[in-house]
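This report refers to the structure that appears directly beneath it.
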Amino acid sequence: MSNPKVDLTNCDREPIHIPGKIQPHGFLIAVDESGRICYCSENIYALARLEASVLLDENLSVLLNSITLSSEVSPIPAIVSLFFGGHNTDQLNPTSLHILSRDYNLIVTASGAYLVLEIEPAIPGQQGLVQKNIGSSLSKMLVDKNLDHLIANTAEQVRSVINFDRVMIYRFSADGHGEVIAESKTNNLDSWIGQHFPASDIPLQARELYKKNLTRLISNVSDSPSGIMGLPGLENLDLTFSQLRAVSPVHIQYLKNMGVASSFSISLIYKSELWGLIACHHYSPKFIEFTARDSAKLMGQILSSALEFRQDELNHLVHENFNANLDQLAKYMLSEASMSEALTARECNLLSIVDAQGAVLCFESKLSTLGTVPTKDTLTALCSWISDHVEDHMFYTDHLASVFPEGSSFADMPCGVMMVNISKELGDFVLFFKPEQRSTVSWAGKPDEEIKRKSDPLLNISPRSSFELWAEIISGKSLPWSFEEIHSVSRLRSEISYALNLKATGVRVLNERLTSAYEELDAFSYGISHDLKNPIATIKVLAQLLLRDKSLTDRSRQISVSIESSAEKMNRMVEEVLEYSRVGRLEPKFDIVDTQALVREICSELKLIYHLYSPIIEAGNLHNIYADPRLIVRVFSNVLTNAAKYSQKHQTPKIHIESTLEDNLVKFRIRDNGIGIKPADLPRVFDLFSRMSNVGTIEGSGVGLAIVKKIVDRHKGSIWAENLQEGTCFNLILMAPPI
């Protein structure tokens, strides 16, 4: 088994999950599926009077036959059999053992292909006492509806279970440093509430382990760890989920520097990420039995759930408020002739969708401002920097000076800035501003203290030794931009793009073509329209009349709104079905079609419609075809529009169309780099009303490709879709012009 020397010159790279050692208050063996002992801690002798080297490569039965158990039948073989039989053995922890006149707890965990058996001391009567206290502690926690009270009470209740000198609730910030936000302690200790600790105190790989193994006990910082022996050729045993895993010597020294003799921690998880810790310190050695640790872990899980629920509830309220205001702005943009007035002239305006102090809209070379904004010279400098340095359609920072240091020469340069491009080519954008938020942070020791090298060749370095209170004034920063604000501004961009597209020339041209096509509908289509649309219109009007009745209950009003919305959807669907029906009745009138010119015209329109996403449309060699010009334009228009629509979220949307001529048939390949089509959806891509499972919020009815398929069939051609590594390819075969 390898025993690599740990290089502690970079704490973030220390392999703390494979230390090759355990804490000596317990013992460890690891077995494979056959029951062979592959790893064994060297201190097994104190338990079984057997050398680890003797046990290695032996069957587990050798160990069981060599120790005295209180019961005639050991539970260990059954546990091993259950584990390797695929059963969850977590609920078996702990299993009580009585070995050589002493009580022990057996804890089993997995480590790759091995079952790890950890045996640690049990305290007689401890389990019953913990179970008696845990119910009371949980009841006291769960009555708190105020999150701050719940956090403070959790510290109290955890301390009542494990009886440590100090129990802290420690919250991580976005940059990894931590703050003590609540504590329970003995009266002789100074309070640490409000103190901050640098991110380097808990390195990255330690934070990752805290996400996997939710509790961590160090019973005595002065204990010498016991080594783990393994079969020749085996790597160090992965102790990620171990209870006894030895501690980094750097962390041991860190605790000694603080005067801490024993520590215990419980992870607090929010959205699968490490939110913080319940950090517990004792100033003399202290072992906590597994049942007490597990009860404390349950308290941590309850607090984690409460954190997630309360934060989600708050985020949801903010999200709903921003969304409602965005909906109102979207209506203004569609009804107003002036985009600037729609976004700035009313009480509901750009500042209603974020928690910002000021906003600037630059549209059609005109600046509109809201709230507190920088002077014209400052804005000019800021916009120039953004134009030169920001490529993405969105940019945000709460510390502008860190990326734009030249801006500090302007006295009114904001600290928090968010920018969203409406059109980079036309210079249209929106800016939001947040002011400086000065604060004083109390650090437990300087956060930037250098790690000092020691003469000890084993450790090479030592952790910081100073924990004297040190105050830092934070300036030049605003409050950070929240996820809800970022999402809200991103949606604003989509709503502006949608409103502009409806008014764009390309959309008007397409609407004129559709109007002309609808005028050609025959009597059959007219009859269906009359028979179906009139009842639907009646339903909609009746629903609207009901909504005017002030005596309606809230439930009745909701039902009426739903009826009106459903009638409108039915009306749109009838229109599309009529188009589908009409295509099937038309007899194609064949003529030579200049495909090159046709595609060029469609691509020109697409660039107008999707100009905000700047799709790159490449056309290779395109052969003429023999088809009905009125119908075939819809095939190419629909497929190319889909390519543009479903690739618009790509950083660089690309569409490529080319053709080859074989045996009087022209084969077109239309490729995009969009979201693609899942393999399971490919067989039904041309079915009527079929929408793919991954389209999300992209609008569509599932009729367009069905119309395409029907037109192609009327031309005795063929069309099919295939998945690419990125995006989709539509293959289309049509007749070449007669020779």
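We name chains A, B, ... following the order of the structure tokens; residues begin at 1 in each chain, and ligands are numbered from 1 as shown.
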### Selection near Pro435 in chain A, 12 Å with only C-alpha atoms, sequence-local residues under 4 positions removed, as a ChimeraX atom specification
/A:355-359,371-374,397-400,412-417,475-481
### Task
Find the residues around Ser365 in chain A up to 10 Å (only C-alpha atoms counted), leave out those fewer than 6 positions away in its own chain, and share them as a PyMOL selection string.
chain A and resi 426-428
With C-alpha atoms retained, export the selected residues as a PDB file, in the first residue's frame.
ATOM      1  CA  LEU A 426     -27.053  49.195 -32.475  1.00  0.00           C
ATOM      2  CA  GLY A 427     -25.665  50.198 -29.078  1.00  0.00           C
ATOM      3  CA  ASP A 428     -28.949  49.538 -27.220  1.00  0.00           C
TER       4      ASP A 428
END
### Task
Would you list the contacts of Ser718 in chain A as number ranges by chain, taking every protein, DNA or RNA residue within 12 Å and counting only C-alpha atoms, but skipping same-chain residues closer than 4 positions in sequence?
A: 635, 665-668, 686, 708-714, 730-735
Emit the selected residues as a compact mmCIF listing (two decimals), in the first residue's frame, including all heavy atoms.
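As written to disk, again_26.txt reads:
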# COMPACT_ATOMS: atom_id res chain seq x y z
N VAL A 635 -41.82 25.04 -46.47
CA VAL A 635 -40.93 23.98 -45.99
C VAL A 635 -39.62 24.58 -45.51
O VAL A 635 -39.17 24.38 -44.37
CB VAL A 635 -40.70 22.93 -47.09
CG1 VAL A 635 -39.64 21.93 -46.64
CG2 VAL A 635 -42.00 22.22 -47.43
N LEU A 665 -32.31 13.72 -58.13
CA LEU A 665 -32.89 14.09 -56.83
C LEU A 665 -31.93 15.06 -56.14
O LEU A 665 -30.70 14.90 -56.20
CB LEU A 665 -33.10 12.87 -55.94
CG LEU A 665 -34.18 11.87 -56.39
CD1 LEU A 665 -34.18 10.66 -55.46
CD2 LEU A 665 -35.57 12.53 -56.39
N VAL A 666 -32.49 16.06 -55.49
CA VAL A 666 -31.68 17.03 -54.74
C VAL A 666 -31.85 16.74 -53.24
O VAL A 666 -32.97 16.71 -52.73
CB VAL A 666 -32.12 18.47 -55.04
CG1 VAL A 666 -31.23 19.46 -54.26
CG2 VAL A 666 -32.04 18.76 -56.53
N LYS A 667 -30.70 16.50 -52.59
CA LYS A 667 -30.73 16.23 -51.15
C LYS A 667 -30.17 17.44 -50.40
O LYS A 667 -29.03 17.85 -50.60
CB LYS A 667 -29.90 14.98 -50.80
CG LYS A 667 -29.91 14.69 -49.30
CD LYS A 667 -29.11 13.43 -48.96
CE LYS A 667 -29.12 13.18 -47.46
NZ LYS A 667 -28.35 11.97 -47.08
N PHE A 668 -31.01 18.02 -49.52
CA PHE A 668 -30.59 19.17 -48.71
C PHE A 668 -30.26 18.69 -47.29
O PHE A 668 -30.93 17.81 -46.75
CB PHE A 668 -31.73 20.20 -48.63
CG PHE A 668 -32.07 20.84 -49.94
CD1 PHE A 668 -33.00 20.25 -50.79
CD2 PHE A 668 -31.46 22.02 -50.34
CE1 PHE A 668 -33.32 20.83 -52.00
CE2 PHE A 668 -31.78 22.61 -51.54
CZ PHE A 668 -32.70 22.01 -52.39
N PHE A 686 -42.42 14.67 -36.61
CA PHE A 686 -43.32 15.26 -37.60
C PHE A 686 -44.79 14.99 -37.31
O PHE A 686 -45.66 15.27 -38.14
CB PHE A 686 -42.98 14.73 -39.00
CG PHE A 686 -41.60 15.11 -39.46
CD1 PHE A 686 -40.57 14.19 -39.40
CD2 PHE A 686 -41.34 16.38 -39.93
CE1 PHE A 686 -39.29 14.54 -39.81
CE2 PHE A 686 -40.08 16.74 -40.35
CZ PHE A 686 -39.03 15.82 -40.28
N VAL A 708 -44.97 20.78 -42.76
CA VAL A 708 -43.79 20.54 -43.61
C VAL A 708 -43.83 19.13 -44.18
O VAL A 708 -43.64 18.90 -45.38
CB VAL A 708 -42.49 20.77 -42.80
CG1 VAL A 708 -41.30 20.18 -43.54
CG2 VAL A 708 -42.28 22.24 -42.54
N LYS A 709 -44.11 18.16 -43.32
CA LYS A 709 -44.13 16.76 -43.76
C LYS A 709 -45.22 16.54 -44.81
O LYS A 709 -45.01 15.84 -45.82
CB LYS A 709 -44.38 15.84 -42.55
CG LYS A 709 -44.37 14.35 -42.86
CD LYS A 709 -42.99 13.86 -43.27
CE LYS A 709 -42.89 12.35 -43.23
NZ LYS A 709 -43.79 11.66 -44.13
N LYS A 710 -46.37 17.16 -44.62
CA LYS A 710 -47.47 16.97 -45.57
C LYS A 710 -47.12 17.59 -46.92
O LYS A 710 -47.41 17.01 -47.98
CB LYS A 710 -48.76 17.58 -45.01
CG LYS A 710 -49.95 17.47 -45.96
CD LYS A 710 -51.27 17.70 -45.25
CE LYS A 710 -51.69 16.47 -44.45
NZ LYS A 710 -53.10 16.55 -44.00
N ILE A 711 -46.48 18.77 -46.92
CA ILE A 711 -46.08 19.40 -48.19
C ILE A 711 -45.05 18.54 -48.91
O ILE A 711 -45.13 18.32 -50.13
CB ILE A 711 -45.53 20.81 -47.93
CG1 ILE A 711 -46.65 21.74 -47.44
CG2 ILE A 711 -44.89 21.38 -49.19
CD1 ILE A 711 -46.17 23.11 -47.01
N VAL A 712 -44.08 18.04 -48.16
CA VAL A 712 -43.04 17.19 -48.77
C VAL A 712 -43.67 15.92 -49.35
O VAL A 712 -43.31 15.48 -50.45
CB VAL A 712 -41.95 16.86 -47.74
CG1 VAL A 712 -40.97 15.83 -48.31
CG2 VAL A 712 -41.19 18.12 -47.33
N ASP A 713 -44.60 15.35 -48.60
CA ASP A 713 -45.29 14.15 -49.11
C ASP A 713 -46.05 14.45 -50.41
O ASP A 713 -46.08 13.62 -51.33
CB ASP A 713 -46.26 13.61 -48.05
CG ASP A 713 -45.53 12.97 -46.87
OD1 ASP A 713 -44.31 12.68 -47.01
OD2 ASP A 713 -46.16 12.76 -45.82
N ARG A 714 -46.68 15.64 -50.48
CA ARG A 714 -47.41 16.02 -51.70
C ARG A 714 -46.47 16.17 -52.89
O ARG A 714 -46.89 16.07 -54.04
CB ARG A 714 -48.16 17.34 -51.47
CG ARG A 714 -49.21 17.28 -50.35
CD ARG A 714 -50.44 16.53 -50.77
NE ARG A 714 -51.24 17.27 -51.73
CZ ARG A 714 -52.30 16.78 -52.37
NH1 ARG A 714 -52.64 15.51 -52.18
NH2 ARG A 714 -52.98 17.52 -53.21
N PHE A 730 -31.66 18.36 -40.43
CA PHE A 730 -32.83 17.93 -41.19
C PHE A 730 -32.38 17.60 -42.61
O PHE A 730 -31.71 18.40 -43.27
CB PHE A 730 -33.89 19.03 -41.22
CG PHE A 730 -34.74 19.06 -39.98
CD1 PHE A 730 -34.32 19.74 -38.85
CD2 PHE A 730 -35.96 18.39 -39.93
CE1 PHE A 730 -35.10 19.77 -37.71
CE2 PHE A 730 -36.75 18.42 -38.79
CZ PHE A 730 -36.30 19.10 -37.67
N ASN A 731 -32.72 16.39 -43.05
CA ASN A 731 -32.41 15.93 -44.40
C ASN A 731 -33.68 15.99 -45.24
O ASN A 731 -34.73 15.46 -44.84
CB ASN A 731 -31.88 14.49 -44.36
CG ASN A 731 -30.61 14.38 -43.54
OD1 ASN A 731 -29.52 14.63 -44.02
ND2 ASN A 731 -30.76 14.01 -42.26
N LEU A 732 -33.59 16.64 -46.40
CA LEU A 732 -34.77 16.86 -47.25
C LEU A 732 -34.43 16.45 -48.69
O LEU A 732 -33.42 16.91 -49.25
CB LEU A 732 -35.16 18.35 -47.21
CG LEU A 732 -36.23 18.83 -48.17
CD1 LEU A 732 -37.56 18.13 -47.90
CD2 LEU A 732 -36.38 20.34 -48.05
N ILE A 733 -35.24 15.57 -49.28
CA ILE A 733 -35.02 15.13 -50.66
C ILE A 733 -36.22 15.54 -51.51
O ILE A 733 -37.37 15.22 -51.19
CB ILE A 733 -34.81 13.61 -50.73
CG1 ILE A 733 -33.55 13.20 -49.97
CG2 ILE A 733 -34.72 13.15 -52.18
CD1 ILE A 733 -33.29 11.71 -49.96
N LEU A 734 -35.93 16.30 -52.62
CA LEU A 734 -36.96 16.77 -53.55
C LEU A 734 -36.48 16.53 -54.98
O LEU A 734 -35.30 16.27 -55.22
CB LEU A 734 -37.25 18.26 -53.33
CG LEU A 734 -37.88 18.63 -51.97
CD1 LEU A 734 -37.79 20.14 -51.75
CD2 LEU A 734 -39.32 18.15 -51.89
N MET A 735 -37.40 16.66 -55.94
CA MET A 735 -37.06 16.40 -57.34
C MET A 735 -36.25 17.55 -57.93
O MET A 735 -36.50 18.72 -57.65
CB MET A 735 -38.33 16.21 -58.17
CG MET A 735 -39.05 14.89 -57.89
SD MET A 735 -40.41 14.63 -59.05
CE MET A 735 -41.49 16.00 -58.60
So that I can check the surroundings of Ala292 in chain A, please list as a PDB file with N, CA, C and O atoms, in the first residue's frame every protein, DNA and RNA residue that reaches within 7 Å of it, counting only C-alpha atoms and ignoring chain neighbours fewer than 3 positions away.
ATOM      1  N   VAL A 130     -29.562   9.806  25.651  1.00  0.00           N
ATOM      2  CA  VAL A 130     -29.657  10.641  24.456  1.00  0.00           C
ATOM      3  C   VAL A 130     -31.062  10.596  23.878  1.00  0.00           C
ATOM      4  O   VAL A 130     -31.635  11.617  23.512  1.00  0.00           O
ATOM      5  N   VAL A 161     -27.077  18.183  24.088  1.00  0.00           N
ATOM      6  CA  VAL A 161     -26.899  16.758  23.766  1.00  0.00           C
ATOM      7  C   VAL A 161     -25.455  16.323  23.919  1.00  0.00           C
ATOM      8  O   VAL A 161     -25.161  15.255  24.448  1.00  0.00           O
ATOM      9  N   ILE A 162     -24.493  17.166  23.457  1.00  0.00           N
ATOM     10  CA  ILE A 162     -23.083  16.734  23.468  1.00  0.00           C
ATOM     11  C   ILE A 162     -22.278  17.349  24.612  1.00  0.00           C
ATOM     12  O   ILE A 162     -21.162  16.912  24.890  1.00  0.00           O
ATOM     13  N   ILE A 288     -17.440  11.675  22.195  1.00  0.00           N
ATOM     14  CA  ILE A 288     -18.906  11.647  22.093  1.00  0.00           C
ATOM     15  C   ILE A 288     -19.308  10.328  21.459  1.00  0.00           C
ATOM     16  O   ILE A 288     -18.832   9.980  20.368  1.00  0.00           O
ATOM     17  N   GLU A 289     -20.189   9.598  22.111  1.00  0.00           N
ATOM     18  CA  GLU A 289     -20.625   8.321  21.569  1.00  0.00           C
ATOM     19  C   GLU A 289     -21.428   8.535  20.282  1.00  0.00           C
ATOM     20  O   GLU A 289     -22.021   9.596  20.064  1.00  0.00           O
ATOM     21  N   SER A 295     -27.627  12.030  16.885  1.00  0.00           N
ATOM     22  CA  SER A 295     -28.727  12.906  17.290  1.00  0.00           C
ATOM     23  C   SER A 295     -28.409  14.354  16.949  1.00  0.00           C
ATOM     24  O   SER A 295     -29.274  15.103  16.478  1.00  0.00           O
ATOM     25  N   ALA A 296     -27.159  14.745  17.184  1.00  0.00           N
ATOM     26  CA  ALA A 296     -26.754  16.105  16.832  1.00  0.00           C
ATOM     27  C   ALA A 296     -26.824  16.307  15.318  1.00  0.00           C
ATOM     28  O   ALA A 296     -27.199  17.380  14.838  1.00  0.00           O
TER      29      ALA A 296
END
### Task
Name all residues at most 12 Å from Ile625 in chain A (count only C-alpha atoms; drop same-chain ones fewer than 4 positions away) and give them as a ChimeraX atom specification.
/A:590-598,629,632-633,659-661,664-668,715,717,732-739
